[in-house]
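Peer 1: Sharing input-v6.txt (compact mmCIF, C-alpha atoms) below.
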# COMPACT_ATOMS: atom_id res chain seq x y z
CA MET L 1 -23.60 -4.45 -9.86
CA PRO L 2 -20.23 -6.06 -10.61
CA PRO L 3 -20.09 -7.56 -14.12
CA THR L 4 -20.18 -11.33 -14.61
CA LEU L 5 -17.38 -13.27 -16.27
CA LEU L 6 -19.81 -16.04 -17.29
CA ARG L 7 -20.49 -14.95 -20.84
CA LEU L 8 -20.51 -17.22 -23.85
CA LYS L 9 -18.29 -14.88 -25.87
CA PHE L 10 -15.54 -15.18 -23.24
CA LEU L 11 -15.09 -18.86 -24.26
CA HIS L 12 -13.64 -17.73 -27.59
CA PRO L 13 -9.96 -18.75 -28.06
CA ARG L 14 -8.87 -15.09 -28.17
CA TYR L 15 -9.66 -14.92 -24.44
CA TRP L 16 -7.76 -18.05 -23.41
CA GLY L 17 -4.63 -16.07 -22.58
CA SER L 18 -6.72 -13.72 -20.44
CA TRP L 19 -8.23 -16.66 -18.58
CA LEU L 20 -4.71 -17.92 -17.83
CA LEU L 21 -3.76 -14.50 -16.44
CA ILE L 22 -6.91 -14.43 -14.29
CA ALA L 23 -6.08 -17.90 -12.93
CA LEU L 24 -2.56 -16.72 -12.07
CA MET L 25 -3.95 -13.60 -10.40
CA ARG L 26 -6.17 -15.74 -8.18
CA SER L 27 -3.21 -17.89 -7.17
CA PHE L 28 -1.00 -14.86 -6.42
CA ALA L 29 -3.63 -13.48 -4.04
CA TYR L 30 -2.92 -16.14 -1.43
CA GLN L 31 0.86 -15.81 -1.41
CA SER L 32 2.55 -14.41 1.67
CA TYR L 33 4.18 -11.00 1.32
CA PRO L 34 7.74 -12.47 1.19
CA ALA L 35 6.57 -14.90 -1.51
CA GLN L 36 4.99 -12.07 -3.49
CA LYS L 37 8.28 -10.15 -3.33
CA ARG L 38 10.17 -13.14 -4.71
CA THR L 39 7.60 -13.64 -7.46
CA ALA L 40 7.76 -9.93 -8.31
CA ALA L 41 11.56 -10.10 -8.65
CA ALA L 42 11.21 -13.01 -11.10
CA LEU L 43 8.49 -11.24 -13.08
CA ALA L 44 10.61 -8.07 -13.25
CA THR L 45 13.42 -10.08 -14.85
CA LEU L 46 10.98 -11.40 -17.46
CA LEU L 47 9.64 -7.91 -18.13
CA LYS L 48 13.15 -6.63 -18.77
CA LEU L 49 13.75 -9.41 -21.29
CA LEU L 50 10.37 -9.42 -23.03
CA ALA L 51 8.83 -5.95 -22.65
CA ARG L 52 11.50 -3.98 -24.48
CA ARG L 53 9.21 -1.19 -25.67
CA ARG L 54 7.79 -0.64 -22.19
CA CYS L 55 11.30 -0.65 -20.71
CA HIS L 56 12.29 2.02 -23.23
CA ILE L 57 9.38 4.21 -22.06
CA VAL L 58 10.43 3.77 -18.43
CA ALA L 59 14.08 4.53 -19.23
CA THR L 60 13.06 7.65 -21.16
CA ASN L 61 10.91 8.93 -18.29
CA ILE L 62 13.71 8.36 -15.80
CA ARG L 63 16.22 10.13 -18.05
CA LEU L 64 13.89 13.12 -18.46
CA CYS L 65 12.79 13.43 -14.83
CA PHE L 66 15.89 12.43 -12.87
CA LYS L 67 18.72 14.15 -14.70
CA GLU L 68 20.72 14.25 -11.47
CA LEU L 69 21.15 10.45 -11.57
CA THR L 70 24.14 8.83 -13.25
CA GLU L 71 23.54 6.26 -16.01
CA ALA L 72 24.16 3.46 -13.52
CA GLU L 73 21.71 4.97 -11.04
CA GLN L 74 19.11 5.39 -13.77
CA GLN L 75 19.53 1.72 -14.68
CA THR L 76 19.07 0.74 -11.04
CA MET L 77 15.90 2.83 -10.88
CA LEU L 78 14.62 1.15 -14.05
CA ASP L 79 15.05 -2.25 -12.40
CA GLN L 80 13.24 -0.99 -9.31
CA VAL L 81 10.35 0.39 -11.37
CA LEU L 82 9.89 -2.98 -13.10
CA TYR L 83 9.97 -4.73 -9.73
CA HIS L 84 7.39 -2.42 -8.19
CA ASN L 85 5.12 -2.73 -11.22
CA ALA L 86 5.27 -6.51 -10.90
CA LEU L 87 4.64 -6.35 -7.15
CA GLY L 88 1.75 -3.94 -7.77
CA LEU L 89 0.16 -6.57 -10.03
CA LEU L 90 0.42 -9.16 -7.25
CA GLU L 91 -1.01 -6.71 -4.74
CA ALA L 92 -3.90 -6.06 -7.13
CA SER L 93 -4.63 -9.80 -6.95
CA SER L 94 -4.82 -9.49 -3.16
CA ALA L 95 -7.22 -6.56 -3.56
CA TYR L 96 -9.42 -8.51 -5.99
CA HIS L 97 -9.49 -11.84 -4.18
CA GLY L 98 -7.98 -11.65 -0.69
CA ASN L 99 -9.22 -10.63 2.73
CA LEU L 100 -8.43 -6.92 2.97
CA GLU L 101 -8.80 -6.86 6.75
CA ARG L 102 -5.52 -8.75 7.09
CA PHE L 103 -3.72 -5.62 5.85
CA ARG L 104 -5.24 -3.23 8.37
CA ALA L 105 -2.46 -3.72 10.92
CA ARG L 106 0.13 -2.84 8.24
CA LEU L 107 -1.67 0.33 7.14
CA LYS L 108 -0.44 3.65 8.55
CA VAL L 109 -2.84 6.52 7.91
CA THR L 110 -2.18 10.23 8.36
CA GLY L 111 -4.61 13.06 7.72
CA GLN L 112 -7.76 11.02 8.31
CA ASP L 113 -9.10 13.88 10.42
CA LYS L 114 -8.84 16.16 7.37
CA LEU L 115 -10.94 13.73 5.35
CA GLU L 116 -13.59 13.48 8.05
CA GLU L 117 -13.77 17.28 8.37
CA LYS L 118 -14.24 17.69 4.61
CA LEU L 119 -17.01 15.08 4.48
CA LYS L 120 -18.91 16.98 7.19
CA LEU L 121 -19.36 19.83 4.70
CA ASP L 122 -21.79 17.59 2.75
CA LYS L 123 -20.24 18.61 -0.59
CA GLY L 124 -18.40 15.38 -1.29
CA VAL L 125 -14.61 15.26 -1.56
CA VAL L 126 -12.41 15.14 -4.66
CA LEU L 127 -9.49 12.89 -3.75
CA ILE L 128 -6.69 13.76 -6.17
CA GLY L 129 -4.29 10.86 -6.59
CA ALA L 130 -1.66 9.57 -8.99
CA HIS L 131 -1.14 6.40 -10.99
CA TYR L 132 1.06 4.53 -8.55
CA SER L 133 2.21 1.06 -9.62
CA HIS L 134 0.06 -0.33 -6.79
CA LEU L 135 -2.98 1.66 -7.97
CA ASP L 136 -5.65 -0.96 -7.26
CA PHE L 137 -4.16 -1.95 -3.94
CA SER L 138 -4.00 1.67 -2.79
CA GLY L 139 -7.71 1.94 -3.59
CA ALA L 140 -8.33 -1.14 -1.46
CA MET L 141 -6.39 0.44 1.40
CA VAL L 142 -8.41 3.67 1.09
CA SER L 143 -11.55 1.53 1.45
CA LEU L 144 -10.38 0.50 4.93
CA VAL L 145 -10.85 4.16 5.87
CA VAL L 146 -13.72 5.25 3.62
CA GLN L 147 -15.30 3.63 0.57
CA PRO L 148 -14.57 5.78 -2.49
CA SER L 149 -16.04 6.06 -5.96
CA ALA L 150 -13.31 5.90 -8.59
CA ILE L 151 -12.77 7.14 -12.12
CA TYR L 152 -11.85 4.38 -14.54
CA ARG L 153 -10.81 3.92 -18.15
CA PRO L 154 -12.22 0.76 -19.80
CA ASN L 155 -9.77 -1.94 -20.83
CA ASN L 156 -9.67 -2.79 -24.55
CA ASN L 157 -9.94 -6.50 -23.70
CA ALA L 158 -13.60 -7.12 -22.79
CA LEU L 159 -12.84 -10.06 -20.47
CA MET L 160 -10.08 -8.20 -18.61
CA ASP L 161 -12.33 -5.14 -18.39
CA ALA L 162 -15.06 -7.23 -16.73
CA TYR L 163 -12.49 -8.87 -14.44
CA ILE L 164 -10.97 -5.55 -13.35
CA LYS L 165 -14.39 -3.99 -12.75
CA ARG L 166 -15.49 -7.02 -10.76
CA GLY L 167 -12.33 -6.82 -8.64
CA ARG L 168 -12.65 -3.09 -8.01
CA HIS L 169 -16.30 -3.41 -7.03
CA ARG L 170 -15.09 -5.30 -3.94
CA PHE L 171 -13.73 -2.09 -2.43
CA MET L 172 -15.13 0.79 -4.52
CA LYS L 173 -18.59 2.23 -3.97
CA SER L 174 -18.94 2.80 -7.71
CA LEU L 175 -16.88 3.10 -10.88
CA ILE L 176 -17.40 6.19 -13.02
CA PRO L 177 -16.17 6.34 -16.65
CA LYS L 178 -13.48 8.99 -17.07
CA ASP L 179 -15.62 11.03 -19.48
CA ASP L 180 -18.77 10.94 -17.32
CA MET L 181 -18.51 14.38 -15.68
CA ARG L 182 -22.21 14.28 -14.76
CA GLY L 183 -21.67 11.02 -12.90
CA MET L 184 -18.82 12.57 -10.94
CA ILE L 185 -20.89 15.63 -10.02
CA ARG L 186 -23.79 13.40 -8.99
CA ALA L 187 -21.50 11.41 -6.68
CA LEU L 188 -20.15 14.61 -5.10
CA LYS L 189 -23.67 15.92 -4.55
CA ASN L 190 -24.37 12.67 -2.71
CA ASN L 191 -21.41 13.53 -0.44
CA GLU L 192 -19.28 10.73 -1.84
CA LEU L 193 -15.50 10.58 -2.07
CA VAL L 194 -14.49 10.69 -5.76
CA TRP L 195 -10.99 9.44 -6.46
CA TYR L 196 -9.62 11.34 -9.44
CA PRO L 197 -6.10 10.80 -10.93
CA PRO L 198 -5.20 13.64 -13.36
CA ASP L 199 -1.60 12.60 -14.05
CA GLN L 200 -1.82 10.94 -17.47
CA ASP L 201 -1.37 12.50 -20.90
CA TYR L 202 -4.73 12.50 -22.71
CA GLY L 203 -3.58 14.72 -25.56
CA PRO L 204 -3.84 18.47 -26.17
CA LYS L 205 -7.65 18.67 -26.07
CA HIS L 206 -8.87 19.96 -22.68
CA SER L 207 -5.26 20.14 -21.48
CA VAL L 208 -2.78 22.84 -20.54
CA TYR L 209 0.98 22.57 -20.13
CA ALA L 210 2.40 22.62 -16.61
CA PRO L 211 5.66 21.46 -14.99
CA PHE L 212 5.94 17.88 -13.74
CA PHE L 213 9.36 16.66 -12.57
CA GLY L 214 10.95 19.53 -14.47
CA MET L 215 9.21 18.65 -17.74
CA ASN L 216 6.40 20.47 -19.52
CA ALA L 217 3.48 18.04 -19.28
CA ALA L 218 0.06 18.14 -20.94
CA THR L 219 -2.29 18.19 -17.94
CA ILE L 220 -6.07 17.91 -18.06
CA THR L 221 -8.07 20.86 -16.74
CA ALA L 222 -11.03 18.82 -15.50
CA THR L 223 -9.62 18.64 -11.96
CA SER L 224 -10.31 22.26 -11.05
CA ARG L 225 -13.64 22.22 -12.94
CA LEU L 226 -14.73 19.20 -10.93
CA VAL L 227 -13.97 21.02 -7.68
CA ARG L 228 -15.68 24.23 -8.78
CA PHE L 229 -18.92 22.67 -10.07
CA ASN L 230 -20.14 21.56 -6.66
CA LYS L 231 -17.75 23.72 -4.62
CA SER L 232 -16.41 20.44 -3.29
CA PRO L 233 -13.28 20.37 -1.11
CA ALA L 234 -10.23 18.56 -2.46
CA LEU L 235 -7.54 16.45 -0.83
CA ILE L 236 -4.28 15.08 -2.20
CA LEU L 237 -3.68 11.35 -1.75
CA GLY L 238 -0.18 10.08 -1.09
CA PHE L 239 0.51 6.35 -0.95
CA TYR L 240 3.68 4.29 -0.79
CA ARG L 241 4.97 0.96 0.47
CA ASP L 242 7.84 0.57 2.93
CA ASP L 243 9.60 -2.51 1.55
CA ASP L 244 11.63 -3.11 4.68
CA SER L 245 8.74 -3.16 7.14
CA GLY L 246 5.97 -4.20 4.73
CA GLU L 247 3.90 -1.23 5.93
CA TYR L 248 1.67 0.83 3.65
CA HIS L 249 1.51 4.59 4.17
CA LEU L 250 -1.68 6.42 3.25
CA ASP L 251 -1.64 10.20 3.55
CA PHE L 252 -4.58 12.57 3.08
CA GLN L 253 -3.16 16.05 2.49
CA ASP L 254 -4.78 19.45 2.05
CA ALA L 255 -4.98 20.68 -1.53
CA PRO L 256 -2.37 23.33 -2.41
CA GLN L 257 -3.10 26.81 -1.11
CA GLY L 258 -4.92 28.84 -3.74
CA PHE L 259 -6.44 25.83 -5.53
CA PRO L 260 -8.69 26.22 -7.43
CA SER L 261 -7.57 29.65 -8.59
CA GLY L 262 -9.71 30.03 -11.70
CA ASP L 263 -6.58 29.85 -13.87
CA ASP L 264 -6.36 26.39 -15.46
CA THR L 265 -2.62 26.57 -16.06
CA LEU L 266 -1.86 27.72 -12.53
CA ASP L 267 -4.14 25.03 -11.10
CA ALA L 268 -2.50 22.32 -13.19
CA GLY L 269 0.91 23.42 -11.93
CA LEU L 270 -0.26 23.37 -8.30
CA ILE L 271 -1.68 19.85 -8.61
CA ASN L 272 1.33 18.51 -10.54
CA LYS L 273 3.66 19.85 -7.83
CA ALA L 274 1.55 18.32 -5.04
CA LEU L 275 1.52 14.92 -6.75
CA GLU L 276 5.23 15.14 -7.50
CA ASP L 277 5.93 15.73 -3.80
CA CYS L 278 3.95 12.57 -2.96
CA ILE L 279 5.69 10.51 -5.65
CA ARG L 280 9.14 11.56 -4.40
CA ASN L 281 8.47 9.63 -1.17
CA ALA L 282 9.07 6.48 -3.25
CA PRO L 283 9.86 7.51 -6.85
CA SER L 284 10.25 4.00 -8.24
CA GLN L 285 6.72 3.10 -7.07
CA TYR L 286 5.16 5.49 -9.58
CA MET L 287 3.81 4.08 -12.86
CA TRP L 288 6.58 5.32 -15.13
CA THR L 289 5.42 2.80 -17.75
CA HIS L 290 3.08 5.32 -19.40
CA ARG L 291 4.18 8.05 -21.80
CA ARG L 292 3.56 11.02 -19.54
CA PHE L 293 5.21 13.49 -21.92
CA LYS L 294 4.04 12.18 -25.30
CA THR L 295 2.13 15.43 -26.05
CA GLN L 296 4.47 18.37 -26.50
CA VAL L 297 3.89 22.07 -27.10
CA ASP L 298 5.48 21.98 -30.56
CA GLY L 299 3.54 18.84 -31.50
CA SER L 300 6.70 16.91 -32.40
CA GLY L 301 6.01 13.97 -30.06
CA LYS L 302 9.48 12.46 -30.52
CA LEU L 303 10.58 11.97 -26.91
CA TYR L 304 9.77 8.23 -26.88
CA LYS L 305 11.13 7.34 -30.30
CA LYS L 306 14.07 4.96 -30.15
Is it possible to express this structure as structure tokens?
Peer 2:
Amino acid sequence: MPPTLLRLKFLHPRYWGSWLLIALMRSFAYQSYPAQKRTAAALATLLKLLARRRCHIVATNIRLCFKELTEAEQQTMLDQVLYHNALGLLEASSAYHGNLERFRARLKVTGQDKLEEKLKLDKGVVLIGAHYSHLDFSGAMVSLVVQPSAIYRPNNNALMDAYIKRGRHRFMKSLIPKDDMRGMIRALKNNELVWYPPDQDYGPKHSVYAPFFGMNAATITATSRLVRFNKSPALILGFYRDDDSGEYHLDFQDAPQGFPSGDDTLDAGLINKALEDCIRNAPSQYMWTHRRFKTQVDGSGKLYKK
């Protein structure tokens, strides 16, 4: 059941700013795509002025992962990342409040036959994706093909957590807390599609170090364990937006050959490479706003210090 927003505690003044954001999200949902693009450009300008710490994280990630770019090109990419993050927020509003069927004609799907073949095995499917800036909207687009269950991390703001859950319940079969491995296995045993994004840094515990965009990245090992527990097949999810045509490209790809291998470090490298290949289709549409490399082998953790 989707959570309700009608709770007495949500009337407290500390939630008034959240209510304003929710009201704006509802209004953004009914904008046309050209209007959303204009709004996103304006929001990106505000982010650059006001979100200095987040911009520093993005700039650091770009500098670490795209060393071939000049300083000017890195700055251009930073601007693009902010724009796509803003547009992803507006698209999330469409996923939470809009009619998803109106996007079907703009959705281009490849590899759907691979998904259907895997589901016939009755072992469920682990759909390995990444944190794209249009994360929620990509989930909504997947639901036009098959309704997935998704892993989620609770928001620290109780009202926003309830709002996000309520929005995602529109297109997700269920939401499974990121630490609920039993819930994930249960969904796979019910032949469900479990959407699992392993591309964030959760610290050294239960992680190994594997290359990601040429950097050594702490990568969780749960991905291969999840596949092995139920002997479930895995697919890689690629998703990006074509800004010129307004089309959305959804690609179900076979997992890398040899995955899972039984070697956590090798498996992490295989998955990181597969996700990197997907991200390179539209690099600025990835969520470079998180500190992907905050955990380092030597424990210094200084990459994001100004």
Peer 1: Measure the distance from CA of Tyr33 in chain L to CA of Ile151 in chain L in Å and round it to one decimal.
Peer 2: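 About the pair CA of Tyr33 in chain L and CA of Ile151 in chain L: they are 28.2 Å apart.
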Peer 1: So which one's closest to Asp179 in chain L, L:Asp242, L:Leu226, L:Gln31, L:Ala210? Using all atoms listed in the file, please.
Peer 2: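 Closest residue, counting all atoms listed in the file: L:Leu226.
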Peer 1: Measuring between all atoms listed in the file, which one of L:Gly238, L:Gly124, L:Gly111, L:Pro34 shows the shortest distance to Leu87 in chain L?
Peer 2: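 Under the stated criterion, the closest residue is L:Pro34.
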Peer 1: Would you mind reading off the distance between CA of Phe28 in chain L and CA of Val81 in chain L, one decimal, in Å?
Peer 2: 19.6 Å
Peer 1: How many Å lie between CA of Asn156 in chain L and CA of His134 in chain L, rounded to one decimal?
Peer 2: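 Between CA of Asn156 in chain L and CA of His134 in chain L the gap is 20.4 Å.
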Peer 1: List the neighbours of range 221-224 of chain L out to 9 Å using all atoms listed in the file; skip same-chain residues closer than 5 positions along the sequence, and give me the result as a list of chain:residue names.
Peer 2: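 Near range 221-224 of chain L, the qualifying residues are L:Val126, L:Ile128, L:Met181, L:Tyr196, L:Pro197, L:Pro198, L:His206, L:Ser207, L:Val208, L:Phe229, L:Phe259, L:Pro260, L:Ser261, L:Gly262, L:Asp263, L:Asp264, L:Thr265, L:Asp267, L:Ala268, L:Ile271.
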Peer 1: Where does range 28-124 of chain L meet range 285-295 of chain L within 7 Å, residue by residue, with the nearest atom pair and distance in Å to one decimal for each, counting only C-alpha atoms, listed by chain and rising number, as JSON lines?
Peer 2:
{"residue": "L:Arg54", "atom": "CA", "partner": "L:Thr289", "partner_atom": "CA", "distance": 6.1}
{"residue": "L:Ile57", "atom": "CA", "partner": "L:Thr289", "partner_atom": "CA", "distance": 6.0}
{"residue": "L:Val58", "atom": "CA", "partner": "L:Thr289", "partner_atom": "CA", "distance": 5.1}
{"residue": "L:Asn61", "atom": "CA", "partner": "L:Trp288", "partner_atom": "CA", "distance": 6.5}
{"residue": "L:Val81", "atom": "CA", "partner": "L:Gln285", "partner_atom": "CA", "distance": 6.2}
{"residue": "L:His84", "atom": "CA", "partner": "L:Gln285", "partner_atom": "CA", "distance": 5.7}
Peer 1: Select, from L:Val227, L:Ala29, L:Ile220, L:Met184, the residue with the minimum atom-to-atom distance to Ser93 in chain L, counting all atoms listed in the file.
Peer 2: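 Between L:Val227, L:Ala29, L:Ile220, L:Met184, the residue approaching Ser93 in chain L most closely is L:Ala29.
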Peer 1: Counting all atoms listed in the file, which of L:Val142, L:Leu159, L:Ala217, L:Ala130 gets nearest to Gly203 in chain L?
Peer 2: L:Ala217
Peer 1: Can you pull out every residue within 12 Å of Arg7 in chain L, counting all atoms listed in the file, but drop anything in the same chain fewer than 4 positions away, and send it as a list in words?
Peer 2: Pro3, Leu11, His12, Tyr15, Ala158, Leu159, Ala162 and Tyr163 of chain L
Peer 1: Which of these residues is nearest to Gln200 in chain L, using only C-alpha atoms: L:Gly98, L:Pro148, L:Gly214, L:Gly129?
Peer 2: L:Gly129
Peer 1: For Ile22 in chain L, which residue out of L:Leu237, L:Met215, L:Cys55, L:Ala92 is the nearest one, using only C-alpha atoms?
Peer 2: L:Ala92
Peer 1: List the spatial neighbours of Thr45 in chain L as a VMD selection string - criterion: any atom at most 9 Å away, only C-alpha atoms, same-chain residues fewer than 5 positions off excluded.
Peer 2: chain L and resid 40 50 79 82 to 83
Peer 1: Env of Lys273 in chain L: 10 Å cut, atoms = all atoms listed in the file, seq-sep filter 3 positions within chain, self excluded. Answer as a ChimeraX atom specification.
Peer 2: /L:210-214,256,267-270,276-279
Peer 1: Quick one: residues within 8 Å of range 245-253 of chain L, only C-alpha atoms, excluding same-chain residues fewer than 6 positions away - as a CSV table (one decimal) with C-alpha atoms, in the frame of the given file?
Peer 2:
chain,number,residue,atom,x,y,z
L,33,TYR,CA,4.2,-11.0,1.3
L,106,ARG,CA,0.1,-2.8,8.2
L,107,LEU,CA,-1.7,0.3,7.1
L,108,LYS,CA,-0.4,3.6,8.6
L,109,VAL,CA,-2.8,6.5,7.9
L,110,THR,CA,-2.2,10.2,8.4
L,111,GLY,CA,-4.6,13.1,7.7
L,112,GLN,CA,-7.8,11.0,8.3
L,114,LYS,CA,-8.8,16.2,7.4
L,115,LEU,CA,-10.9,13.7,5.4
L,141,MET,CA,-6.4,0.4,1.4
L,142,VAL,CA,-8.4,3.7,1.1
L,235,LEU,CA,-7.5,16.4,-0.8
L,236,ILE,CA,-4.3,15.1,-2.2
L,237,LEU,CA,-3.7,11.4,-1.8
L,238,GLY,CA,-0.2,10.1,-1.1
L,239,PHE,CA,0.5,6.4,-1.0
Peer 1: Could range 170-188 of chain L be completed with N, CA and C atoms and written as a PDB file, in the frame of the given file, please?
Peer 2:
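Listed below is the output, selection_8.pdb:
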ATOM      1  N   ARG L 170     -15.219  -4.775  -5.294  1.00  0.00           N
ATOM      2  CA  ARG L 170     -15.090  -5.300  -3.940  1.00  0.00           C
ATOM      3  C   ARG L 170     -14.811  -4.182  -2.937  1.00  0.00           C
ATOM      4  N   PHE L 171     -14.124  -3.131  -3.390  1.00  0.00           N
ATOM      5  CA  PHE L 171     -13.730  -2.090  -2.430  1.00  0.00           C
ATOM      6  C   PHE L 171     -14.121  -0.685  -2.865  1.00  0.00           C
ATOM      7  N   MET L 172     -14.667  -0.517  -4.067  1.00  0.00           N
ATOM      8  CA  MET L 172     -15.130   0.790  -4.520  1.00  0.00           C
ATOM      9  C   MET L 172     -16.650   0.878  -4.406  1.00  0.00           C
ATOM     10  N   LYS L 173     -17.138   2.032  -4.033  1.00  0.00           N
ATOM     11  CA  LYS L 173     -18.590   2.230  -3.970  1.00  0.00           C
ATOM     12  C   LYS L 173     -19.183   2.197  -5.362  1.00  0.00           C
ATOM     13  N   SER L 174     -18.502   2.822  -6.316  1.00  0.00           N
ATOM     14  CA  SER L 174     -18.940   2.800  -7.710  1.00  0.00           C
ATOM     15  C   SER L 174     -17.751   3.115  -8.599  1.00  0.00           C
ATOM     16  N   LEU L 175     -17.885   2.781  -9.878  1.00  0.00           N
ATOM     17  CA  LEU L 175     -16.880   3.100 -10.880  1.00  0.00           C
ATOM     18  C   LEU L 175     -17.512   4.036 -11.905  1.00  0.00           C
ATOM     19  N   ILE L 176     -16.853   5.162 -12.138  1.00  0.00           N
ATOM     20  CA  ILE L 176     -17.400   6.190 -13.020  1.00  0.00           C
ATOM     21  C   ILE L 176     -16.491   6.333 -14.226  1.00  0.00           C
ATOM     22  N   PRO L 177     -17.013   6.164 -15.449  1.00  0.00           N
ATOM     23  CA  PRO L 177     -16.170   6.340 -16.650  1.00  0.00           C
ATOM     24  C   PRO L 177     -15.506   7.707 -16.651  1.00  0.00           C
ATOM     25  N   LYS L 178     -14.291   7.773 -17.159  1.00  0.00           N
ATOM     26  CA  LYS L 178     -13.480   8.990 -17.070  1.00  0.00           C
ATOM     27  C   LYS L 178     -14.094  10.180 -17.789  1.00  0.00           C
ATOM     28  N   ASP L 179     -14.988   9.931 -18.748  1.00  0.00           N
ATOM     29  CA  ASP L 179     -15.620  11.030 -19.480  1.00  0.00           C
ATOM     30  C   ASP L 179     -17.005  11.388 -18.929  1.00  0.00           C
ATOM     31  N   ASP L 180     -17.431  10.717 -17.869  1.00  0.00           N
ATOM     32  CA  ASP L 180     -18.770  10.940 -17.320  1.00  0.00           C
ATOM     33  C   ASP L 180     -18.717  12.021 -16.225  1.00  0.00           C
ATOM     34  N   MET L 181     -18.591  13.287 -16.645  1.00  0.00           N
ATOM     35  CA  MET L 181     -18.510  14.380 -15.680  1.00  0.00           C
ATOM     36  C   MET L 181     -19.801  14.482 -14.865  1.00  0.00           C
ATOM     37  N   ARG L 182     -20.934  14.220 -15.485  1.00  0.00           N
ATOM     38  CA  ARG L 182     -22.210  14.280 -14.760  1.00  0.00           C
ATOM     39  C   ARG L 182     -22.251  13.241 -13.635  1.00  0.00           C
ATOM     40  N   GLY L 183     -21.715  12.057 -13.925  1.00  0.00           N
ATOM     41  CA  GLY L 183     -21.670  11.020 -12.900  1.00  0.00           C
ATOM     42  C   GLY L 183     -20.797  11.426 -11.727  1.00  0.00           C
ATOM     43  N   MET L 184     -19.696  12.101 -12.009  1.00  0.00           N
ATOM     44  CA  MET L 184     -18.820  12.570 -10.940  1.00  0.00           C
ATOM     45  C   MET L 184     -19.517  13.629 -10.090  1.00  0.00           C
ATOM     46  N   ILE L 185     -20.186  14.580 -10.750  1.00  0.00           N
ATOM     47  CA  ILE L 185     -20.890  15.630 -10.020  1.00  0.00           C
ATOM     48  C   ILE L 185     -22.001  15.038  -9.173  1.00  0.00           C
ATOM     49  N   ARG L 186     -22.708  14.048  -9.737  1.00  0.00           N
ATOM     50  CA  ARG L 186     -23.790  13.400  -8.990  1.00  0.00           C
ATOM     51  C   ARG L 186     -23.257  12.725  -7.732  1.00  0.00           C
ATOM     52  N   ALA L 187     -22.106  12.059  -7.854  1.00  0.00           N
ATOM     53  CA  ALA L 187     -21.500  11.410  -6.680  1.00  0.00           C
ATOM     54  C   ALA L 187     -21.113  12.437  -5.627  1.00  0.00           C
ATOM     55  N   LEU L 188     -20.549  13.562  -6.057  1.00  0.00           N
ATOM     56  CA  LEU L 188     -20.150  14.610  -5.100  1.00  0.00           C
ATOM     57  C   LEU L 188     -21.374  15.200  -4.418  1.00  0.00           C
TER      58      LEU L 188
END
